[in-house]
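A short write-up of the structure that comes next.
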Number of protein chains: 2
Amino acid sequence: MISKKIKDIMQSGSAIRAMFEEGKRLAEVYGKENVYDFSLGNPSVPAPKAVNEAIVKIAQNTDTLALHGYMLNSGFESVRKTIADSLNSKYGTRFAFKNIVMTVGAAGGLNVVLKSIINEGDEVIVFAPYFGEYNNYVANVGGKVVVVPPNPPTFQPDLKAMKSLVSGRTKAVIINSPNNPTGVIYGEDTLKELGKILKEQSEKKGEAIYLISDEPYRELVYGDYQVPFLTKYYDNTIVGYSYSKSLSLPGERIGYLAIPDEAEDCDNLLAACGVATRILGFVNAPSLQQLVIEQCIDEKTDVSAYDKNRKLLYNALTQYGFECIEPQGAFYLFVKCPIEESKFVAKAKEYNILIVGGKSFACEGYVRIAYCVSYDMIERSLPYFKKLAEDTVK
Amino acid sequence: MISKKIKDIMQSGSAIRAMFEEGKRLAEVYGKENVYDFSLGNPSVPAPKAVNEAIVKIAQNTDTLALHGYMLNSGFESVRKTIADSLNSKYGTRFAFKNIVMTVGAAGGLNVVLKSIINEGDEVIVFAPYFGEYNNYVANVGGKVVVVPPNPPTFQPDLKAMKSLVSGRTKAVIINSPNNPTGVIYGEDTLKELGKILKEQSEKKGEAIYLISDEPYRELVYGDYQVPFLTKYYDNTIVGYSYSKSLSLPGERIGYLAIPDEAEDCDNLLAACGVATRILGFVNAPSLQQLVIEQCIDEKTDVSAYDKNRKLLYNALTQYGFECIEPQGAFYLFVKCPIEESKFVAKAKEYNILIVGGKSFACEGYVRIAYCVSYDMIERSLPYFKKLAEDTVK
């Protein structure tokens with residue numbers, strides 16, 4: 001009785017969500033402390049204290065009708081202005097409130113922008129490995145994903161391959177840096193070149209190819225790495241942001257889209273995003289959380305905790321003989337499978353280690369290990385990773 | 001550069017949202033106290049005090065990772081159980097937590113359930129007048145709306161006409177009682193008959209035709225009227241609920257779907273709704289608000305305030321000579337236009353009275369007046385409604 005499309009998606013499943021649910025099951029059988037669940041990007045660092053303080057203050061001091069009522073579909077103007085000002089001071093951009101559309105997380109934002117630009121059959125280029133949900137988001141609006149093959153071992157985007165995949169139906173390119181699942185940050189030179197190619201190709205096509213930058217991990221960066229701000233390198237850039245990771249609020253569903261004046265048809269596109277927010281059933285981003293963001297705009301998550309995890313796990317796994325690029329941002333390790341992927345995932349599960357196969361990211365032969373977990377759990381898992389290496393690494 | 005579909009929707013526009021935005025503009029020109037904005041269903045009764053108290057308590061006492069983190073896409077089990085228990089005690093149903101899927105308001109819930117059941121070209125029957133967004137929700141998933149003509153002056157659903165519109169592609173029927181825009185409650189006999197017809201037609205078709213009951217106004221009922229609970233009258237019923245009106249939380253985007261075990265393919269359908277919640281980009285209903293609902297399950301809005309508004313406006317308008325069915329629930333009057341609809345709406349606007357034409361609800365020749373506003377504003381507006389009557393009623 002359920003629709004064909006959803007049935008197909010259920011059968012192929014979200015391996016990530018399936019692992020997450022399997023983890024809950026195993027925890028019941030073996031005890032939570034004996035299951036090493038690295039499946040989900042669910043932050044392990046608590047939200048900054050200021051978040052809950054802001055919630056209390058807002059609930060106690062804001063007029064209830066204003067706090068919980070409808071606002072414009074694109075969100076409270078004051079919140080959007082605060083975000084615009086913050087971006088401008090950080091990145092030297094020139095956003096006004098009208099350039100910001102509040103969204104139900106980055107997932108909501110991506111659906112909104114795709115609904116706003118994609119006609120049936122339009123193509124959206126993505127770089128493997130990529131977050132598998134993009135396939136669903138693009139399909140929701142009748143678009144078609146075109147995949148640029150992975151480019152190991154650096155996992156920088158293969159721009160030559162991308163250029164060859166641009167067609168008359170190409171409407172957008174999605175990038176995600178710091179990247180889920182590799183942790184790689186796309187370098188400035190790469191982005192300049194990407195902008196140059198897209199500019200040429202847009203001119204050739206006679207209309208803009210939008211660059212959609214999915215940036216939930218923008219603030220999760222280690223050491224001296226920098227995440228270049230995309231609108232500087234290409235005018236037709238749409239930034240999709242989420243506070244899920246940067247403020248550890250994934251369950252609250254709060255983020256935004258930023259579209260600069262330089263983008264083709266900018267005002268129309270912003271209006272379309274407001275309308276798409278409405279008709280897709282989001283209506284608006286949750287009102288209380290919008291006001292929380294306004295109060296907490298300068299708050300940051302504790303990246304050092306993820307960095308500690310990263311070092312512990314990366315050093316141990318490479319010492320055991322696994323091959324892996326050192327992540328520069330986000331909170332994932334993307335490890336090469338020493339044996340066939342599904343066998344490796346199954347073998348790991350024998351040790352109660354839950355990880356997600358690269359197939360879910362269009363990059364077979366790898367696994368993603370989400371290290372946004374407790375340091376303690378990583379420590380406890382290491383003997384089992386060692387055994388896994390002994391079983392599988394030649 | 002924007003997609004054709006969204007362009008069409010932007011051109012036809014949401015008359016409701018356009019009026020809401022026009023109201024903001026007029027308020028700047030004439031002063032807020034001189035604009036009588038009856039355009040939007042934005043509750044004027046504040047949320048019960050317990051809501052903000054619950055927010056404070058939860059923010060102060062809940063583990064931050066659990067509070068703001070991801071949960072299952074269908075929502076926290078404890079919240080779903082609380083809702084199931086509450087429904088069971090009120091309506092004698094037998095819901096368990098698994099029968100409840102938390103959603104981003106009723107708008108989110110409707111999109112989720114339509115995504116779960118509609119194949120390209122499937123038909124969804126609605127009864128005019130109806131909330132115009134249904135057109136977009138059904139179109140989002142490639143379905144087709146089939147409209148049963150309005151049935152004035154009672155505005156009870158015309159079941160004979162509905163039966164004649166059932167086809168081999170009919171997948172669902174949406175009803176909304178208490179109704180937006182008429183305020184009418186569909187009677188028990190009508191619902192029994194509706195259930196009987198749908199059962200016969202499902203058997204004839206060889207698969208279930210789902211009845212989707214959109215119930216944001218279920219608790220907003222005046223006098224002794226009762227809103228029958230739909231799952232009693234037809235097994236294949238899916239209830240979509242929202243706390244937007246019943247707890248005055250429209251900006252927070254919190255509601256649920258309830259699907260009884262009796263519904264065909266129930267478990268599969270519930271799983272599909274969880275998946276649809278994920279892939280449409282909602283991911284989950286906002287986590288804090290889910291917990292608020294758990295705390296405030298027995299809270300009620302102050303219906304008497306809306307009732308006072310209803311009586312004041314209904315009595316005055318009918319006294320001035322307007323024709324209108326007395327609303328039994330929700331917070332709308334659906335008034336017959338004494339002159340051509342668009343002229344009447346324009347004439348009202350000359351007096352700074354903002355109301356929405358019936359065309360937006362597939363029922364031309366009427367206007368919807370949302371009386372979820374301050375009593376004071378209604379009082380101030382009456383002299384202008386009187387003038388409007390003098391200008392237009394013959």
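Numbering starts fresh at 1 for the residues of each chain in the structure tokens, the chains themselves are lettered A, B, ... in the order given, and ligands are numbered from 1 as they appear.
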Exercise answer, chain B residues close to chain A, 6 Å and only C-alpha atoms, as a list in words: Ile2, Ser3, Pro46, Asn52, Val56, Ala59, Thr64, Leu65, His68, Gly69, Tyr70, Ala107, Gly108, Ser116, Ile117, Ile118, Asn119, Asn136, Leu249, Pro250, Gly251, Glu252, Arg253, Ile279, Gly281, Phe282, Pro286 and Ser287 of chain B
Can you tell me, as a PyMOL selection string, which residues in segment 279-374 of chain A count as helix (DSSP H, G or I) by DSSP? chain A and resi 279+287-295+303-320+341-350+358-361
For those residues, write C-alpha atoms to a file as a tab-separated table (two decimals), in the first residue's frame.
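That gives us part_38.tsv:
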chain	number	residue	atom	x	y	z
A	279	ILE	CA	4.68	24.33	0.61
A	287	SER	CA	10.57	29.66	16.33
A	288	LEU	CA	12.17	29.20	19.76
A	289	GLN	CA	15.33	27.76	18.23
A	290	GLN	CA	15.56	30.71	15.85
A	291	LEU	CA	15.67	33.02	18.87
A	292	VAL	CA	18.22	30.75	20.56
A	293	ILE	CA	20.52	31.17	17.57
A	294	GLU	CA	20.14	34.95	17.81
A	295	GLN	CA	21.32	34.80	21.43
A	303	VAL	CA	36.26	21.15	18.88
A	304	SER	CA	39.19	20.07	21.07
A	305	ALA	CA	37.16	17.11	22.35
A	306	TYR	CA	36.59	15.85	18.81
A	307	ASP	CA	40.24	16.53	18.05
A	308	LYS	CA	41.30	14.33	20.96
A	309	ASN	CA	39.07	11.55	19.62
A	310	ARG	CA	40.41	12.06	16.14
A	311	LYS	CA	44.03	11.73	17.22
A	312	LEU	CA	43.42	8.71	19.40
A	313	LEU	CA	41.52	6.80	16.76
A	314	TYR	CA	43.53	7.89	13.73
A	315	ASN	CA	46.86	7.08	15.40
A	316	ALA	CA	45.66	3.72	16.66
A	317	LEU	CA	44.06	2.59	13.42
A	318	THR	CA	47.01	3.56	11.24
A	319	GLN	CA	49.32	1.87	13.75
A	320	TYR	CA	47.26	-1.32	13.44
A	341	GLU	CA	33.50	-3.98	2.14
A	342	SER	CA	30.42	-5.87	3.27
A	343	LYS	CA	32.58	-8.63	4.75
A	344	PHE	CA	34.61	-6.02	6.60
A	345	VAL	CA	31.50	-4.33	8.00
A	346	ALA	CA	30.16	-7.74	9.07
A	347	LYS	CA	33.49	-8.73	10.64
A	348	ALA	CA	33.55	-5.46	12.61
A	349	LYS	CA	30.05	-6.18	13.82
A	350	GLU	CA	31.26	-9.51	15.23
A	358	GLY	CA	31.41	3.34	1.84
A	359	LYS	CA	28.73	2.09	-0.55
A	360	SER	CA	26.31	4.40	1.28
A	361	PHE	CA	28.54	7.25	0.15
Counting only C-alpha atoms, the option among A:Tyr351, A:Tyr241, A:Tyr256, A:Phe385 closest to Val35 of chain A: A:Tyr351
Just the number, please: distance in Å from atom CA of Ile355 of chain B to atom CA of Ile125 of chain B, one decimal. 26.5 Å
Contacts of Phe155 of chain A within 8 Å, only C-alpha atoms, excl. fewer than 5 positions in-chain, as a PyMOL selection string: chain A and resi 150+182+184
Quick one: write out the picked residues with N, CA and C atoms as an mmCIF file, in the first residue's frame?
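Result file is result_12.cif:
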data_model
loop_
_atom_site.group_PDB
_atom_site.id
_atom_site.type_symbol
_atom_site.label_atom_id
_atom_site.label_comp_id
_atom_site.auth_asym_id
_atom_site.auth_seq_id
_atom_site.Cartn_x
_atom_site.Cartn_y
_atom_site.Cartn_z
ATOM 1 N N PRO A 150 35.005 9.015 -7.031
ATOM 2 C CA PRO A 150 35.911 9.400 -5.952
ATOM 3 C C PRO A 150 37.355 9.551 -6.443
ATOM 4 N N THR A 182 34.748 11.878 4.464
ATOM 5 C CA THR A 182 36.223 11.745 4.481
ATOM 6 C C THR A 182 36.913 12.639 5.504
ATOM 7 N N VAL A 184 37.878 15.522 4.743
ATOM 8 C CA VAL A 184 38.758 16.358 3.929
ATOM 9 C C VAL A 184 38.148 17.754 3.760
#
Extract the full set of strand (DSSP E or B) residues from segment 29-247 of chain A according to DSSP on the backbone, and format it as JSON, numbers by chain. {"A": [36, 37, 100, 101, 102, 103, 123, 124, 125, 126, 127, 144, 145, 146, 147, 148, 170, 171, 172, 173, 174, 175, 210, 211, 212, 213, 214, 221, 237, 238, 239, 240, 241, 242]}
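With only C-alpha atoms as the atoms that count, the minimum distance from Glu364 of chain B to the choices B:Tyr332, B:Tyr384, B:Tyr225, B:Tyr130 is reached by B:Tyr130.
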